[in-house]
>>> print(open('target-v3.cif').read())   # mmCIF, C-alpha atoms
data_structure
loop_
_atom_site.group_PDB
_atom_site.id
_atom_site.type_symbol
_atom_site.label_atom_id
_atom_site.label_comp_id
_atom_site.auth_asym_id
_atom_site.auth_seq_id
_atom_site.Cartn_x
_atom_site.Cartn_y
_atom_site.Cartn_z
ATOM 1 C CA ARG A 1 49.082 -40.440 66.596
ATOM 2 C CA TRP A 2 52.357 -40.069 64.704
ATOM 3 C CA PRO A 3 55.304 -38.387 66.394
ATOM 4 C CA ARG A 4 55.402 -34.659 65.693
ATOM 5 C CA PHE A 5 58.689 -34.843 63.763
ATOM 6 C CA ALA A 6 57.199 -37.452 61.378
ATOM 7 C CA THR A 7 54.121 -35.336 60.763
ATOM 8 C CA VAL A 8 56.229 -32.240 60.110
ATOM 9 C CA GLU A 9 58.554 -34.135 57.736
ATOM 10 C CA MET A 10 55.630 -35.686 55.848
ATOM 11 C CA HIS A 11 53.960 -32.269 55.536
ATOM 12 C CA ARG A 12 57.188 -30.690 54.293
ATOM 13 C CA ASN A 13 57.906 -33.455 51.771
ATOM 14 C CA LEU A 14 54.355 -33.494 50.377
ATOM 15 C CA THR A 15 54.508 -29.719 50.040
ATOM 16 C CA LEU A 16 57.818 -29.868 48.183
ATOM 17 C CA LEU A 17 56.468 -32.614 45.902
ATOM 18 C CA SER A 18 53.369 -30.581 45.061
ATOM 19 C CA ILE A 19 55.476 -27.473 44.395
ATOM 20 C CA PHE A 20 57.689 -29.533 42.089
ATOM 21 C CA PHE A 21 54.673 -30.728 40.078
ATOM 22 C CA VAL A 22 53.228 -27.222 39.871
ATOM 23 C CA ALA A 23 56.610 -25.911 38.687
ATOM 24 C CA VAL A 24 56.753 -28.641 36.021
ATOM 25 C CA HIS A 25 53.235 -27.657 34.924
ATOM 26 C CA VAL A 26 54.158 -23.970 34.653
ATOM 27 C CA VAL A 27 57.473 -24.580 32.866
ATOM 28 C CA THR A 28 55.968 -27.012 30.350
ATOM 29 C CA THR A 29 53.055 -24.658 29.669
ATOM 30 C CA VAL A 30 55.404 -21.761 28.962
ATOM 31 C CA ALA A 31 57.806 -23.942 26.931
ATOM 32 C CA ASP A 32 55.055 -25.653 24.924
ATOM 33 C CA GLY A 33 54.341 -22.625 22.773
ATOM 34 C CA TYR A 34 50.874 -23.753 21.672
ATOM 35 C CA ALA A 35 49.080 -21.083 23.671
ATOM 36 C CA PRO A 36 50.560 -17.594 24.058
ATOM 37 C CA VAL A 37 51.518 -18.028 27.706
ATOM 38 C CA GLY A 38 54.813 -16.437 28.672
ATOM 39 C CA LEU A 39 56.806 -16.550 31.876
ATOM 40 C CA LEU A 40 55.361 -13.185 32.923
ATOM 41 C CA ASP A 41 51.831 -14.603 32.483
ATOM 42 C CA ALA A 42 52.757 -17.392 34.889
ATOM 43 C CA ILE A 43 53.706 -14.854 37.568
ATOM 44 C CA VAL A 44 51.433 -11.828 36.997
ATOM 45 C CA PRO A 45 47.736 -12.723 37.293
ATOM 46 C CA PHE A 46 45.268 -11.848 34.519
ATOM 47 C CA ALA A 47 47.960 -10.504 32.150
ATOM 48 C CA SER A 48 47.756 -13.206 29.481
ATOM 49 C CA PRO A 49 45.737 -12.721 26.285
ATOM 50 C CA TYR A 50 44.913 -16.443 26.399
ATOM 51 C CA ARG A 51 41.868 -17.102 28.645
ATOM 52 C CA PRO A 52 42.883 -14.250 30.972
ATOM 53 C CA LEU A 53 40.469 -14.952 33.837
ATOM 54 C CA TRP A 54 41.058 -18.690 34.009
ATOM 55 C CA LEU A 55 44.804 -18.517 33.481
ATOM 56 C CA GLY A 56 44.923 -15.668 36.010
ATOM 57 C CA LEU A 57 43.286 -17.860 38.648
ATOM 58 C CA GLY A 58 46.016 -20.433 38.123
ATOM 59 C CA THR A 59 48.601 -17.698 38.517
ATOM 60 C CA VAL A 60 47.004 -16.557 41.790
ATOM 61 C CA ALA A 61 47.064 -20.140 43.113
ATOM 62 C CA PHE A 62 50.695 -20.470 41.975
ATOM 63 C CA ASP A 63 51.742 -17.136 43.537
ATOM 64 C CA LEU A 64 50.487 -18.284 46.933
ATOM 65 C CA LEU A 65 53.006 -21.150 46.962
ATOM 66 C CA PRO A 66 56.219 -19.087 47.123
ATOM 67 C CA ALA A 67 54.633 -16.937 49.827
ATOM 68 C CA LEU A 68 53.858 -20.049 51.866
ATOM 69 C CA VAL A 69 57.350 -21.447 51.367
ATOM 70 C CA ALA A 70 59.083 -18.148 52.167
ATOM 71 C CA THR A 71 57.133 -17.608 55.367
ATOM 72 C CA SER A 72 57.784 -21.204 56.417
ATOM 73 C CA LEU A 73 61.505 -20.772 55.902
ATOM 74 C CA LEU A 74 61.374 -17.484 57.822
ATOM 75 C CA ARG A 75 58.884 -18.662 60.440
ATOM 76 C CA GLY A 76 61.059 -17.472 63.303
ATOM 77 C CA PHE A 77 60.915 -13.913 61.946
ATOM 78 C CA VAL A 78 57.189 -13.814 61.104
ATOM 79 C CA PRO A 79 54.665 -13.083 63.855
ATOM 80 C CA PRO A 80 52.719 -16.293 64.621
ATOM 81 C CA ARG A 81 49.306 -14.770 63.812
ATOM 82 C CA ALA A 82 50.540 -13.488 60.435
ATOM 83 C CA TRP A 83 52.136 -16.843 59.638
ATOM 84 C CA ARG A 84 48.961 -18.736 60.522
ATOM 85 C CA ALA A 85 46.757 -16.348 58.534
ATOM 86 C CA LEU A 86 48.952 -16.714 55.458
ATOM 87 C CA HIS A 87 48.984 -20.485 55.755
ATOM 88 C CA TRP A 88 45.198 -20.598 55.868
ATOM 89 C CA THR A 89 45.312 -19.255 52.296
ATOM 90 C CA ALA A 90 46.539 -22.712 51.250
ATOM 91 C CA TYR A 91 42.928 -23.805 51.689
ATOM 92 C CA ALA A 92 41.875 -21.120 49.201
ATOM 93 C CA SER A 93 44.604 -22.094 46.763
ATOM 94 C CA TRP A 94 43.063 -25.484 46.023
ATOM 95 C CA PRO A 95 39.599 -24.378 44.815
ATOM 96 C CA ILE A 96 41.190 -21.521 42.853
ATOM 97 C CA ALA A 97 43.475 -24.050 41.123
ATOM 98 C CA LEU A 98 40.497 -26.318 40.425
ATOM 99 C CA LEU A 99 38.605 -23.433 38.797
ATOM 100 C CA HIS A 100 41.740 -22.766 36.737
ATOM 101 C CA SER A 101 41.969 -26.379 35.586
ATOM 102 C CA PHE A 102 38.350 -26.516 34.462
ATOM 103 C CA GLY A 103 38.340 -23.004 33.032
ATOM 104 C CA THR A 104 41.498 -23.184 30.965
ATOM 105 C CA GLY A 105 42.332 -26.871 30.716
ATOM 106 C CA SER A 106 41.884 -28.693 27.437
ATOM 107 C CA ASP A 107 40.856 -31.840 29.332
ATOM 108 C CA ALA A 108 37.830 -30.351 31.090
ATOM 109 C CA ARG A 109 35.395 -32.484 29.108
ATOM 110 C CA THR A 110 37.278 -35.758 29.522
ATOM 111 C CA GLY A 111 35.976 -38.307 31.972
ATOM 112 C CA TRP A 112 39.295 -38.861 33.704
ATOM 113 C CA LEU A 113 39.641 -35.213 34.728
ATOM 114 C CA GLY A 114 36.106 -35.191 36.124
ATOM 115 C CA LEU A 115 36.770 -38.322 38.179
ATOM 116 C CA PHE A 116 40.111 -36.977 39.361
ATOM 117 C CA ALA A 117 38.531 -33.639 40.315
ATOM 118 C CA LEU A 118 35.729 -35.400 42.211
ATOM 119 C CA ALA A 119 38.237 -37.571 44.075
ATOM 120 C CA CYS A 120 40.331 -34.501 44.976
ATOM 121 C CA ALA A 121 37.248 -32.544 46.047
ATOM 122 C CA ALA A 122 36.149 -35.423 48.258
ATOM 123 C CA ALA A 123 39.643 -35.759 49.781
ATOM 124 C CA VAL A 124 39.898 -32.032 50.502
ATOM 125 C CA ALA A 125 36.355 -31.826 51.909
ATOM 126 C CA LEU A 126 36.941 -34.852 54.132
ATOM 127 C CA SER A 127 40.272 -33.438 55.309
ATOM 128 C CA VAL A 128 38.663 -30.133 56.250
ATOM 129 C CA LEU A 129 35.752 -31.913 57.962
ATOM 130 C CA TRP A 130 38.180 -34.120 59.900
ATOM 131 C CA ARG A 131 40.314 -31.126 60.868
ATOM 132 C CA VAL A 132 37.258 -29.203 62.093
ATOM 133 C CA ALA A 133 35.906 -32.201 63.995
ATOM 134 C CA SER A 134 39.235 -32.739 65.758
ATOM 135 C CA ALA A 135 39.862 -29.046 66.533
ATOM 136 C CA ASN A 136 39.265 -28.834 70.254
ATOM 137 C CA GLY A 137 38.547 -25.366 71.542
ATOM 138 C CA ALA A 138 37.945 -23.790 68.125
ATOM 139 C CA PRO A 139 35.252 -21.088 68.182
ATOM 140 C CA PRO A 140 31.873 -22.448 67.033
ATOM 141 C CA ARG A 141 31.580 -19.702 64.407
ATOM 142 C CA LEU A 142 34.868 -20.803 62.821
ATOM 143 C CA ARG A 143 33.835 -24.458 62.878
ATOM 144 C CA VAL A 144 30.479 -23.779 61.236
ATOM 145 C CA GLY A 145 32.135 -21.600 58.587
ATOM 146 C CA ALA A 146 34.741 -24.267 57.802
ATOM 147 C CA LEU A 147 32.076 -26.976 57.617
ATOM 148 C CA ALA A 148 29.957 -24.863 55.284
ATOM 149 C CA ALA A 149 32.950 -24.060 53.067
ATOM 150 C CA ALA A 150 33.999 -27.726 52.920
ATOM 151 C CA LEU A 151 30.583 -28.622 51.534
ATOM 152 C CA VAL A 152 29.491 -25.535 49.593
ATOM 153 C CA VAL A 153 32.729 -24.752 47.699
ATOM 154 C CA PRO A 154 33.094 -28.174 45.989
ATOM 155 C CA LEU A 155 29.369 -28.266 45.249
ATOM 156 C CA GLY A 156 29.509 -24.751 43.786
ATOM 157 C CA ILE A 157 32.479 -25.679 41.577
ATOM 158 C CA LEU A 158 30.614 -28.787 40.385
ATOM 159 C CA VAL A 159 27.487 -26.804 39.479
ATOM 160 C CA TRP A 160 29.590 -24.179 37.694
ATOM 161 C CA ALA A 161 31.603 -26.817 35.776
ATOM 162 C CA VAL A 162 28.456 -28.594 34.574
ATOM 163 C CA SER A 163 26.924 -25.340 33.356
ATOM 164 C CA GLY A 164 30.177 -23.880 31.954
ATOM 165 C CA PRO A 165 33.332 -25.757 30.979
ATOM 166 C CA LEU A 166 31.550 -29.059 30.382
ATOM 167 C CA GLN A 167 29.258 -27.457 27.793
ATOM 168 C CA ARG A 168 30.002 -27.126 24.089
ATOM 169 C CA GLY A 169 31.430 -23.771 23.060
ATOM 170 C CA TRP A 170 33.253 -23.171 26.335
ATOM 171 C CA ALA A 171 36.574 -22.424 24.627
ATOM 172 C CA ALA A 172 35.115 -19.350 22.898
ATOM 173 C CA ARG A 173 33.349 -18.151 26.052
ATOM 174 C CA ALA A 174 36.490 -18.713 28.161
ATOM 175 C CA GLY A 175 38.501 -16.129 26.245
ATOM 176 C CA THR A 176 40.364 -18.288 23.761
ATOM 177 C CA PRO A 177 41.626 -16.040 20.953
ATOM 178 C CA ARG A 178 39.743 -16.498 17.673
ATOM 179 C CA SER A 179 42.953 -17.508 15.907
ATOM 180 C CA PHE A 180 43.013 -20.674 18.046
ATOM 181 C CA LEU A 181 39.368 -21.456 17.425
ATOM 182 C CA ALA A 182 39.451 -21.043 13.623
ATOM 183 C CA PRO A 183 41.709 -24.064 12.897
ATOM 184 C CA ALA A 184 39.450 -26.306 14.994
ATOM 185 C CA ASN A 185 36.373 -25.041 13.140
ATOM 186 C CA VAL A 186 38.040 -25.586 9.752
ATOM 187 C CA ALA A 187 39.133 -29.097 10.756
ATOM 188 C CA SER A 188 35.652 -30.056 11.985
ATOM 189 C CA ALA A 189 34.070 -28.587 8.856
ATOM 190 C CA SER A 190 36.398 -30.579 6.600
ATOM 191 C CA VAL A 191 35.711 -33.793 8.563
ATOM 192 C CA SER A 192 31.934 -33.291 8.244
ATOM 193 C CA ALA A 193 32.324 -32.478 4.532
ATOM 194 C CA VAL A 194 34.194 -35.739 3.980
ATOM 195 C CA ALA A 195 31.613 -37.721 5.970
#
>>> encode(input="target-v3.cif", output="structure tokens")
Amino acid sequence: RWPRFATVEMHRNLTLLSIFFVAVHVVTTVADGYAPVGLLDAIVPFASPYRPLWLGLGTVAFDLLPALVATSLLRGFVPPRAWRALHWTAYASWPIALLHSFGTGSDARTGWLGLFALACAAAVALSVLWRVASANGAPPRLRVGALAAALVVPLGILVWAVSGPLQRGWAARAGTPRSFLAPANVASASVSAVA
């Protein structure tokens, strides 16, 4: 019900805000120095020695953003079907980023991240469901596929998170180098020896 210019401006500003926060995340991760994540690892997927699969998924989600921005800025030069197809990948970027956050994040087992992830999953699923419900003239096959994805993808991520990152020992199974795990084991052993 909003005027088209307001919807376009809100979409553009929310996109720029999200890109800013992702850029801050990438820059602070590279600058932090705790984990061996370099600038190249933030751009080239699956190249990092630190949790290569899970960090690589974050890189894939990140790499989609410049492609979306570039094609939006050059929309007049990109065929409409190609532009639309590329922009549909934004829907894939979110679950890939969520897998990255659970797979490589140090906060995966904290309650606040779980609640935040559930709230985001619900918001995304409801947005997709609303978009499908309001899409007049969309082919039934596309609508059914979008509805299934909106329900199955978050549920699949939840089941995976409960059986993977939320379990003890995930850091070792996720590809964390042994040199990072040893100090934690020594610290926990010394705490239990004191107790």
>>> residues_around(input="target-v3.cif", residues="Tyr34 in chain A", least_positions_apart="4", cutoff="10 Å", atoms="all atoms listed in the file", output="mmCIF file with C-alpha atoms, keeping the file's coordinate frame")
data_model
loop_
_atom_site.group_PDB
_atom_site.id
_atom_site.type_symbol
_atom_site.label_atom_id
_atom_site.label_comp_id
_atom_site.auth_asym_id
_atom_site.auth_seq_id
_atom_site.Cartn_x
_atom_site.Cartn_y
_atom_site.Cartn_z
ATOM 1 C CA THR A 29 53.055 -24.658 29.669
ATOM 2 C CA VAL A 30 55.404 -21.761 28.962
ATOM 3 C CA PHE A 180 43.013 -20.674 18.046
#
>>> resolve_selection(input="target-v3.cif", expression="the PyMOL selection byres ((chain A and resi 92) around 12)", output="list of chain:residue names")
A:Leu57, A:Gly58, A:Val60, A:Ala61, A:Phe62, A:Leu64, A:Leu65, A:Ala85, A:Leu86, A:His87, A:Trp88, A:Thr89, A:Ala90, A:Tyr91, A:Ser93, A:Trp94, A:Pro95, A:Ile96, A:Ala97, A:Leu98, A:Leu99, A:Val124, A:Val128, A:Ala146, A:Ala149, A:Ala150, A:Val153, A:Pro154
>>> residues_around(input="target-v3.cif", residues="Val37 in chain A", least_positions_apart="2", cutoff="12 Å", atoms="only C-alpha atoms", output="list in words")
Val26, Val27, Thr28, Thr29, Val30, Ala31, Asp32, Gly33, Tyr34, Ala35, Leu39, Leu40, Asp41, Ala42, Ile43, Val44, Pro45, Phe46, Ala47, Ser48, Pro49, Tyr50, Arg51, Pro52, Leu55, Gly56, Thr59, Thr104 and Thr176 of chain A
>>> write_last_selection(input="target-v3.cif", atoms="C-alpha atoms", output="PDB file, in the coordinates of the input")
ATOM      1  CA  VAL A  26      54.158 -23.970  34.653  1.00  0.00           C
ATOM      2  CA  VAL A  27      57.473 -24.580  32.866  1.00  0.00           C
ATOM      3  CA  THR A  28      55.968 -27.012  30.350  1.00  0.00           C
ATOM      4  CA  THR A  29      53.055 -24.658  29.669  1.00  0.00           C
ATOM      5  CA  VAL A  30      55.404 -21.761  28.962  1.00  0.00           C
ATOM      6  CA  ALA A  31      57.806 -23.942  26.931  1.00  0.00           C
ATOM      7  CA  ASP A  32      55.055 -25.653  24.924  1.00  0.00           C
ATOM      8  CA  GLY A  33      54.341 -22.625  22.773  1.00  0.00           C
ATOM      9  CA  TYR A  34      50.874 -23.753  21.672  1.00  0.00           C
ATOM     10  CA  ALA A  35      49.080 -21.083  23.671  1.00  0.00           C
ATOM     11  CA  LEU A  39      56.806 -16.550  31.876  1.00  0.00           C
ATOM     12  CA  LEU A  40      55.361 -13.185  32.923  1.00  0.00           C
ATOM     13  CA  ASP A  41      51.831 -14.603  32.483  1.00  0.00           C
ATOM     14  CA  ALA A  42      52.757 -17.392  34.889  1.00  0.00           C
ATOM     15  CA  ILE A  43      53.706 -14.854  37.568  1.00  0.00           C
ATOM     16  CA  VAL A  44      51.433 -11.828  36.997  1.00  0.00           C
ATOM     17  CA  PRO A  45      47.736 -12.723  37.293  1.00  0.00           C
ATOM     18  CA  PHE A  46      45.268 -11.848  34.519  1.00  0.00           C
ATOM     19  CA  ALA A  47      47.960 -10.504  32.150  1.00  0.00           C
ATOM     20  CA  SER A  48      47.756 -13.206  29.481  1.00  0.00           C
ATOM     21  CA  PRO A  49      45.737 -12.721  26.285  1.00  0.00           C
ATOM     22  CA  TYR A  50      44.913 -16.443  26.399  1.00  0.00           C
ATOM     23  CA  ARG A  51      41.868 -17.102  28.645  1.00  0.00           C
ATOM     24  CA  PRO A  52      42.883 -14.250  30.972  1.00  0.00           C
ATOM     25  CA  LEU A  55      44.804 -18.517  33.481  1.00  0.00           C
ATOM     26  CA  GLY A  56      44.923 -15.668  36.010  1.00  0.00           C
ATOM     27  CA  THR A  59      48.601 -17.698  38.517  1.00  0.00           C
ATOM     28  CA  THR A 104      41.498 -23.184  30.965  1.00  0.00           C
ATOM     29  CA  THR A 176      40.364 -18.288  23.761  1.00  0.00           C
TER      30      THR A 176
END
>>> closest_residue(input="target-v3.cif", among="A:Leu166, A:Ala135, A:Ala67, A:Ala172", to="Thr110 in chain A", atoms="all atoms listed in the file")
A:Leu166
>>> residues_around(input="target-v3.cif", residues="Thr71 in chain A", least_positions_apart="2", cutoff="12 Å", atoms="all atoms listed in the file", output="ChimeraX atom specification")
/A:64-69,73-87
>>> closest_residue(input="target-v3.cif", among="A:Ala133, A:Ala174, A:Leu126, A:Leu118", to="Gly103 in chain A", atoms="only C-alpha atoms")
A:Ala174
>>> atom_distance(input="target-v3.cif", atom1="CA of Leu16 in chain A", atom2="CA of His100 in chain A")
21.0 Å
>>> closest_residue(input="target-v3.cif", among="A:Gly145, A:Arg109, A:Ser101, A:Pro139", to="Ile157 in chain A", atoms="all atoms listed in the file")
A:Ser101
>>> atom_distance(input="target-v3.cif", atom1="CA of Leu151 in chain A", atom2="CA of Ala125 in chain A")
6.6 Å
>>> atom_distance(input="target-v3.cif", atom1="CA of Ala171 in chain A", atom2="CA of Val22 in chain A")
23.1 Å
>>> closest_residue(input="target-v3.cif", among="A:Leu142, A:Asn136, A:His25, A:Ser72", to="His11 in chain A", atoms="only C-alpha atoms")
A:Ser72
>>> closest_residue(input="target-v3.cif", among="A:Phe102, A:Trp130, A:Trp2, A:Phe116", to="Ala161 in chain A", atoms="all atoms listed in the file")
A:Phe102
